[in-house]
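Report on the structure given below.
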Amino acid sequence: MTELDYRPHAAARGMRGRTYTIGVLLDNIRNTFFADILDGIRDELHNSEYTVLIAAAGFGADAQSKTIRSMVDRQMDGLVLIAPGTPRAEILAMAESTPTVVIGHHDPSELHHSVVDADGVGAGLVVDHLVSLGHRNITLVSSRGTRSSKWARTPEIVLSNGYTEAMGRHGLTAQTRICRTTYSDEGGFKAGMSLLTGDERPTAIMAGADVAALGVWRAAHELGLVPEDISIVGYNNTVVADLATVQLTSVDQAGHNMGATAARLLIERVEGRRESAVQTSMTPRLVVRGSTAAPRG
């Protein structure tokens with residue numbers, strides 16, 4: 001077999017039961033947090049027979065559904081779905097026959113494993129930090145989400161609730177403001193330009209993803225603002241947050257650990273070593289860098 005460079009045919013193996021392929025769904029490849037998750041999945045499966053196939057399906061629910069069906073049709077042994085916008089009912093129906101782990105969504109299920117971050121706690125850490133610096137006008141930049149998907153506890157919903165509760169805890173309910181955009185650099189930039197050129201400019205902006213926070217940072221930079229003018233906080237603590245030119249304060253939600261945990265749970269399900277579904281939650285921590293400071297005056 002070695003001399004002939006023989007490799008088992010994946011389709012033929014699938015006819016016998018297992019293809020040793022794992023499908024990973026994400027909406028785009030520009031969100032650097034997904035790279036942390038993928039690294040965790042890769043490292044967990046490094047010494048196994050399983051191959052990871054990645055599908056960047058875009059933000060649309062229909063495109064994601066089509067991609068998921070395609071992975072199931074190709075007899076992949078299991079799926080890891082990162083914050084899917086696909087309707088929940090469709091995911092549940094698919095998970096009845098295909099082992100599945102959902103990353104991000106907090107909705108519990110007996111049909112699939114879930115790996116989440118304690119997003120409400122993370123939002124509270126940010127608000128507490130900003131209030132301790134003297135900020136009161138704190139705005140959250142969050143994803144629009146997909147209402148038609150019928151997920152009740154997506155990351156953006158849990159994060160928004162945590163932000164609102166933390167603002168109320170500090171007596172800042174009247175200052176609560178949420179700006180909806182896409183989690184992308186361009187989405188963050190547009191939100192940043194709108195907020196920073198408006199009549200009631202916040203003194204601090206928290207974004208639900210580093211990629212959006214960097215877009216806000218770019219808008220602030222173009223407008224000539226510095227941390228004393230506007231504090232910016234991200235969420236994910238990706239590699240780019242620690243770049244010398246950025247130094248973005250961010251919430252670390254252990255993306256590598258999330259990916260590794262998802263891969264481990266999935267393989268246990270695929271190989272019949274775990275029957276009951278579980279939900280595992282990561283504990284966030286705030287990493288303070290140079291993008292936050294006390295407000296002027």
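In the structure tokens, chains take letters A, B, ... by order of appearance, with residues numbered from 1 within each chain and ligands from 1 in the order shown.
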For range 266-276 of chain A, work out the shell of residues within 9 Å, counting only C-alpha atoms and skipping chain neighbours fewer than 6 positions away, then give it as an mmCIF file with all heavy atoms, in the first residue's frame.
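Final file, selection00.cif:
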```cif
data_model
loop_
_atom_site.group_PDB
_atom_site.id
_atom_site.type_symbol
_atom_site.label_atom_id
_atom_site.label_comp_id
_atom_site.auth_asym_id
_atom_site.auth_seq_id
_atom_site.Cartn_x
_atom_site.Cartn_y
_atom_site.Cartn_z
ATOM 1 N N ILE A 22 -15.443 15.512 8.215
ATOM 2 C CA ILE A 22 -16.225 16.385 9.080
ATOM 3 C C ILE A 22 -16.447 17.704 8.351
ATOM 4 O O ILE A 22 -15.494 18.324 7.869
ATOM 5 C CB ILE A 22 -15.500 16.653 10.419
ATOM 6 C CG1 ILE A 22 -15.246 15.345 11.161
ATOM 7 C CG2 ILE A 22 -16.286 17.638 11.269
ATOM 8 C CD1 ILE A 22 -16.490 14.579 11.536
ATOM 9 N N LEU A 45 -8.255 17.067 15.949
ATOM 10 C CA LEU A 45 -8.363 15.931 15.028
ATOM 11 C C LEU A 45 -7.042 15.575 14.357
ATOM 12 O O LEU A 45 -7.007 14.691 13.491
ATOM 13 C CB LEU A 45 -9.406 16.249 13.947
ATOM 14 C CG LEU A 45 -10.830 16.523 14.439
ATOM 15 C CD1 LEU A 45 -11.743 16.846 13.273
ATOM 16 C CD2 LEU A 45 -11.370 15.346 15.241
ATOM 17 N N ASP A 77 -19.489 12.460 8.070
ATOM 18 C CA ASP A 77 -19.805 11.757 9.309
ATOM 19 C C ASP A 77 -20.441 12.669 10.349
ATOM 20 O O ASP A 77 -21.200 12.206 11.207
ATOM 21 C CB ASP A 77 -18.535 11.134 9.901
ATOM 22 C CG ASP A 77 -17.992 10.018 9.026
ATOM 23 O OD1 ASP A 77 -18.809 9.329 8.373
ATOM 24 O OD2 ASP A 77 -16.776 9.828 8.983
ATOM 25 N N GLY A 78 -20.124 13.946 10.306
ATOM 26 C CA GLY A 78 -20.680 14.871 11.287
ATOM 27 C C GLY A 78 -20.457 16.307 10.839
ATOM 28 O O GLY A 78 -19.653 16.577 9.938
ATOM 29 N N LEU A 79 -21.170 17.225 11.485
ATOM 30 C CA LEU A 79 -21.110 18.632 11.105
ATOM 31 C C LEU A 79 -20.846 19.515 12.321
ATOM 32 O O LEU A 79 -21.384 19.266 13.402
ATOM 33 C CB LEU A 79 -22.425 19.075 10.452
ATOM 34 C CG LEU A 79 -22.909 18.305 9.224
ATOM 35 C CD1 LEU A 79 -24.242 18.874 8.762
ATOM 36 C CD2 LEU A 79 -21.882 18.350 8.107
ATOM 37 N N VAL A 80 -20.029 20.545 12.125
ATOM 38 C CA VAL A 80 -19.867 21.606 13.102
ATOM 39 C C VAL A 80 -20.399 22.870 12.445
ATOM 40 O O VAL A 80 -19.880 23.305 11.414
ATOM 41 C CB VAL A 80 -18.389 21.804 13.495
ATOM 42 C CG1 VAL A 80 -18.253 22.991 14.452
ATOM 43 C CG2 VAL A 80 -17.831 20.542 14.147
ATOM 44 N N THR A 98 -27.735 13.080 11.387
ATOM 45 C CA THR A 98 -26.314 13.403 11.217
ATOM 46 C C THR A 98 -25.777 14.030 12.496
ATOM 47 O O THR A 98 -26.280 15.067 12.928
ATOM 48 C CB THR A 98 -26.102 14.395 10.054
ATOM 49 O OG1 THR A 98 -26.638 13.830 8.851
ATOM 50 C CG2 THR A 98 -24.622 14.690 9.862
ATOM 51 N N PRO A 99 -24.772 13.427 13.137
ATOM 52 C CA PRO A 99 -24.202 14.009 14.354
ATOM 53 C C PRO A 99 -23.785 15.467 14.113
ATOM 54 O O PRO A 99 -23.129 15.777 13.118
ATOM 55 C CB PRO A 99 -22.986 13.124 14.633
ATOM 56 C CG PRO A 99 -23.358 11.806 14.045
ATOM 57 C CD PRO A 99 -24.127 12.141 12.788
ATOM 58 N N THR A 100 -24.199 16.344 15.028
ATOM 59 C CA THR A 100 -24.026 17.781 14.808
ATOM 60 C C THR A 100 -23.635 18.487 16.093
ATOM 61 O O THR A 100 -24.137 18.159 17.172
ATOM 62 C CB THR A 100 -25.341 18.399 14.276
ATOM 63 O OG1 THR A 100 -25.715 17.753 13.056
ATOM 64 C CG2 THR A 100 -25.191 19.895 14.037
ATOM 65 N N VAL A 101 -22.747 19.468 15.958
ATOM 66 C CA VAL A 101 -22.427 20.386 17.053
ATOM 67 C C VAL A 101 -22.682 21.801 16.550
ATOM 68 O O VAL A 101 -22.215 22.175 15.466
ATOM 69 C CB VAL A 101 -20.959 20.262 17.511
ATOM 70 C CG1 VAL A 101 -20.664 21.269 18.623
ATOM 71 C CG2 VAL A 101 -20.664 18.846 17.983
ATOM 72 N N GLU A 110 -31.830 18.297 22.645
ATOM 73 C CA GLU A 110 -31.462 16.912 22.901
ATOM 74 C C GLU A 110 -30.926 16.241 21.639
ATOM 75 O O GLU A 110 -30.484 15.085 21.691
ATOM 76 C CB GLU A 110 -32.676 16.136 23.418
ATOM 77 C CG GLU A 110 -33.184 16.631 24.777
ATOM 78 C CD GLU A 110 -34.391 15.850 25.262
ATOM 79 O OE1 GLU A 110 -34.870 14.992 24.488
ATOM 80 O OE2 GLU A 110 -34.841 16.084 26.398
ATOM 81 N N LEU A 111 -30.937 16.974 20.522
ATOM 82 C CA LEU A 111 -30.544 16.378 19.251
ATOM 83 C C LEU A 111 -29.124 16.718 18.841
ATOM 84 O O LEU A 111 -28.520 16.000 18.038
ATOM 85 C CB LEU A 111 -31.515 16.822 18.150
ATOM 86 C CG LEU A 111 -32.967 16.362 18.327
ATOM 87 C CD1 LEU A 111 -33.849 16.972 17.246
ATOM 88 C CD2 LEU A 111 -33.047 14.835 18.287
ATOM 89 N N HIS A 112 -28.577 17.814 19.331
ATOM 90 C CA HIS A 112 -27.213 18.190 18.949
ATOM 91 C C HIS A 112 -26.473 18.762 20.148
ATOM 92 O O HIS A 112 -27.064 19.316 21.074
ATOM 93 C CB HIS A 112 -27.216 19.204 17.800
ATOM 94 C CG HIS A 112 -27.880 20.520 18.136
ATOM 95 N ND1 HIS A 112 -27.296 21.481 18.952
ATOM 96 C CD2 HIS A 112 -29.074 21.042 17.754
ATOM 97 C CE1 HIS A 112 -28.090 22.521 19.049
ATOM 98 N NE2 HIS A 112 -29.175 22.284 18.344
ATOM 99 N N HIS A 113 -25.154 18.644 20.114
ATOM 100 C CA HIS A 113 -24.317 19.285 21.126
ATOM 101 C C HIS A 113 -24.248 20.782 20.851
ATOM 102 O O HIS A 113 -24.426 21.242 19.714
ATOM 103 C CB HIS A 113 -22.891 18.713 21.093
ATOM 104 C CG HIS A 113 -22.785 17.268 21.463
ATOM 105 N ND1 HIS A 113 -23.341 16.746 22.606
ATOM 106 C CD2 HIS A 113 -22.163 16.231 20.838
ATOM 107 C CE1 HIS A 113 -23.074 15.457 22.682
ATOM 108 N NE2 HIS A 113 -22.360 15.117 21.616
#
```
| task | DSSP on the backbone, then: every residue of range 40-223 of chain A marked helix (DSSP H, G or I), written as a PyMOL selection string. | result | chain A and resi 40-45+61-73+88-95+119-133+147-149+155-169+173-175+185-196+210-222
Go ahead and save the picked residues with C-alpha atoms, as a PDB file, in the first residue's frame.
```
ATOM      1  CA  GLY A  40      -8.961  24.162  17.633  1.00  0.00           C
ATOM      2  CA  ILE A  41     -10.867  21.702  15.438  1.00  0.00           C
ATOM      3  CA  ARG A  42      -7.726  20.926  13.427  1.00  0.00           C
ATOM      4  CA  ASP A  43      -5.542  20.398  16.486  1.00  0.00           C
ATOM      5  CA  GLU A  44      -8.111  18.135  18.141  1.00  0.00           C
ATOM      6  CA  LEU A  45      -8.363  15.931  15.028  1.00  0.00           C
ATOM      7  CA  ALA A  61     -30.107  31.509   5.431  1.00  0.00           C
ATOM      8  CA  ASP A  62     -30.989  29.896   2.083  1.00  0.00           C
ATOM      9  CA  ALA A  63     -27.350  29.619   1.012  1.00  0.00           C
ATOM     10  CA  GLN A  64     -26.405  28.118   4.372  1.00  0.00           C
ATOM     11  CA  SER A  65     -29.260  25.603   4.161  1.00  0.00           C
ATOM     12  CA  LYS A  66     -28.166  24.567   0.676  1.00  0.00           C
ATOM     13  CA  THR A  67     -24.591  24.093   1.864  1.00  0.00           C
ATOM     14  CA  ILE A  68     -25.619  22.019   4.883  1.00  0.00           C
ATOM     15  CA  ARG A  69     -27.779  19.780   2.697  1.00  0.00           C
ATOM     16  CA  SER A  70     -24.865  19.373   0.319  1.00  0.00           C
ATOM     17  CA  MET A  71     -22.582  18.232   3.155  1.00  0.00           C
ATOM     18  CA  VAL A  72     -25.204  15.752   4.366  1.00  0.00           C
ATOM     19  CA  ASP A  73     -25.705  14.440   0.815  1.00  0.00           C
ATOM     20  CA  ARG A  88     -33.624  25.999  13.793  1.00  0.00           C
ATOM     21  CA  ALA A  89     -36.282  23.479  12.744  1.00  0.00           C
ATOM     22  CA  GLU A  90     -34.162  22.495   9.746  1.00  0.00           C
ATOM     23  CA  ILE A  91     -31.059  22.017  11.910  1.00  0.00           C
ATOM     24  CA  LEU A  92     -33.001  19.867  14.379  1.00  0.00           C
ATOM     25  CA  ALA A  93     -34.404  17.689  11.596  1.00  0.00           C
ATOM     26  CA  MET A  94     -30.960  17.207  10.090  1.00  0.00           C
ATOM     27  CA  ALA A  95     -29.344  16.491  13.486  1.00  0.00           C
ATOM     28  CA  ASP A 119     -21.874  36.093  26.183  1.00  0.00           C
ATOM     29  CA  GLY A 120     -24.021  37.853  28.771  1.00  0.00           C
ATOM     30  CA  VAL A 121     -21.175  37.680  31.268  1.00  0.00           C
ATOM     31  CA  GLY A 122     -18.743  38.949  28.623  1.00  0.00           C
ATOM     32  CA  ALA A 123     -20.927  41.965  27.889  1.00  0.00           C
ATOM     33  CA  GLY A 124     -21.040  42.729  31.598  1.00  0.00           C
ATOM     34  CA  LEU A 125     -17.249  42.623  31.816  1.00  0.00           C
ATOM     35  CA  VAL A 126     -17.019  45.265  29.080  1.00  0.00           C
ATOM     36  CA  VAL A 127     -19.616  47.592  30.571  1.00  0.00           C
ATOM     37  CA  ASP A 128     -18.039  47.281  34.045  1.00  0.00           C
ATOM     38  CA  HIS A 129     -14.620  48.143  32.599  1.00  0.00           C
ATOM     39  CA  LEU A 130     -15.868  51.157  30.659  1.00  0.00           C
ATOM     40  CA  VAL A 131     -17.897  52.488  33.582  1.00  0.00           C
ATOM     41  CA  SER A 132     -14.849  52.141  35.842  1.00  0.00           C
ATOM     42  CA  LEU A 133     -13.000  54.448  33.427  1.00  0.00           C
ATOM     43  CA  ARG A 147     -35.307  36.561  12.932  1.00  0.00           C
ATOM     44  CA  SER A 148     -36.822  34.052  10.539  1.00  0.00           C
ATOM     45  CA  SER A 149     -34.373  31.392  11.758  1.00  0.00           C
ATOM     46  CA  PRO A 155     -24.928  35.073  20.508  1.00  0.00           C
ATOM     47  CA  GLU A 156     -26.084  38.573  19.521  1.00  0.00           C
ATOM     48  CA  ILE A 157     -29.307  38.200  21.523  1.00  0.00           C
ATOM     49  CA  VAL A 158     -27.516  36.958  24.639  1.00  0.00           C
ATOM     50  CA  LEU A 159     -24.831  39.641  24.249  1.00  0.00           C
ATOM     51  CA  SER A 160     -27.421  42.388  23.796  1.00  0.00           C
ATOM     52  CA  ASN A 161     -29.337  41.212  26.854  1.00  0.00           C
ATOM     53  CA  GLY A 162     -26.132  41.133  28.900  1.00  0.00           C
ATOM     54  CA  TYR A 163     -25.226  44.647  27.757  1.00  0.00           C
ATOM     55  CA  THR A 164     -28.700  45.980  28.565  1.00  0.00           C
ATOM     56  CA  GLU A 165     -28.701  44.355  32.000  1.00  0.00           C
ATOM     57  CA  ALA A 166     -25.220  45.682  32.812  1.00  0.00           C
ATOM     58  CA  MET A 167     -26.155  49.210  31.728  1.00  0.00           C
ATOM     59  CA  GLY A 168     -29.221  49.020  33.950  1.00  0.00           C
ATOM     60  CA  ARG A 169     -27.146  47.730  36.853  1.00  0.00           C
ATOM     61  CA  THR A 173     -30.708  52.493  31.158  1.00  0.00           C
ATOM     62  CA  ALA A 174     -31.392  55.853  29.486  1.00  0.00           C
ATOM     63  CA  GLN A 175     -27.999  55.687  27.747  1.00  0.00           C
ATOM     64  CA  ASP A 185     -14.953  45.277   8.686  1.00  0.00           C
ATOM     65  CA  GLU A 186     -17.246  47.183   6.334  1.00  0.00           C
ATOM     66  CA  GLY A 187     -20.231  46.702   8.633  1.00  0.00           C
ATOM     67  CA  GLY A 188     -18.249  48.014  11.584  1.00  0.00           C
ATOM     68  CA  PHE A 189     -16.923  50.932   9.531  1.00  0.00           C
ATOM     69  CA  LYS A 190     -20.412  52.016   8.469  1.00  0.00           C
ATOM     70  CA  ALA A 191     -21.715  51.726  12.030  1.00  0.00           C
ATOM     71  CA  GLY A 192     -18.704  53.632  13.320  1.00  0.00           C
ATOM     72  CA  MET A 193     -19.090  56.484  10.828  1.00  0.00           C
ATOM     73  CA  SER A 194     -22.801  56.775  11.632  1.00  0.00           C
ATOM     74  CA  LEU A 195     -22.271  56.829  15.397  1.00  0.00           C
ATOM     75  CA  LEU A 196     -19.173  59.033  15.429  1.00  0.00           C
ATOM     76  CA  ASP A 210     -13.363  42.008  16.724  1.00  0.00           C
ATOM     77  CA  VAL A 211     -13.818  42.207  12.964  1.00  0.00           C
ATOM     78  CA  ALA A 212     -16.599  44.796  13.439  1.00  0.00           C
ATOM     79  CA  ALA A 213     -14.661  46.597  16.182  1.00  0.00           C
ATOM     80  CA  LEU A 214     -11.757  47.014  13.776  1.00  0.00           C
ATOM     81  CA  GLY A 215     -14.151  48.603  11.295  1.00  0.00           C
ATOM     82  CA  VAL A 216     -15.224  51.047  14.025  1.00  0.00           C
ATOM     83  CA  TRP A 217     -11.545  51.675  14.797  1.00  0.00           C
ATOM     84  CA  ARG A 218     -10.918  52.444  11.114  1.00  0.00           C
ATOM     85  CA  ALA A 219     -13.788  54.951  11.104  1.00  0.00           C
ATOM     86  CA  ALA A 220     -12.454  56.610  14.259  1.00  0.00           C
ATOM     87  CA  HIS A 221      -8.968  56.755  12.756  1.00  0.00           C
ATOM     88  CA  GLU A 222     -10.271  58.427   9.590  1.00  0.00           C
TER      89      GLU A 222
END
```
| Please, which residues of range 123-235 of chain A, numbered as in this document, come out strand (DSSP E) from DSSP, as JSON, numbers by chain? | {"A": [138, 139, 140, 141, 142, 143, 177, 178, 179, 180, 181, 204, 205, 206, 207, 231, 232, 233, 234, 235]}
| task | Return the single residue from A:Ser231, A:Thr146, A:Thr283, A:Thr203 that is closest to Val251 in chain A, with distances computed using only C-alpha atoms. | result |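 So, comparing all the options, the nearest one is A:Thr283.
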Neighbours of range 289-295 of chain A within 6 Å (only C-alpha atoms; same-chain residues fewer than 6 positions away dropped), as a PDB file with C-alpha atoms, in the first residue's frame?
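This is the output file selection-v9.pdb:
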```
ATOM      1  CA  LEU A 133     -13.000  54.448  33.427  1.00  0.00           C
ATOM      2  CA  GLY A 134     -15.778  57.027  33.717  1.00  0.00           C
ATOM      3  CA  PRO A 227      -8.844  56.584  22.668  1.00  0.00           C
ATOM      4  CA  GLU A 228      -9.352  59.725  24.773  1.00  0.00           C
ATOM      5  CA  SER A 231     -12.924  54.000  23.525  1.00  0.00           C
ATOM      6  CA  ILE A 232     -13.466  50.857  21.438  1.00  0.00           C
ATOM      7  CA  GLN A 247      -4.087  47.306  20.566  1.00  0.00           C
ATOM      8  CA  LEU A 248      -7.785  46.540  20.840  1.00  0.00           C
ATOM      9  CA  THR A 249      -9.309  45.818  24.234  1.00  0.00           C
TER      10      THR A 249
END
```
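Counting only C-alpha atoms, the residue from A:Met76, A:Pro284, A:Asn237, A:Gly224 that sits nearest to Ser97 in chain A is A:Met76.
For the pair CA of Asp229 in chain A and CA of Ala207 in chain A, the interatomic distance is 16.8 Å.
Distance-wise, CA of Asp39 in chain A and CA of Val52 in chain A end up 10.9 Å apart.
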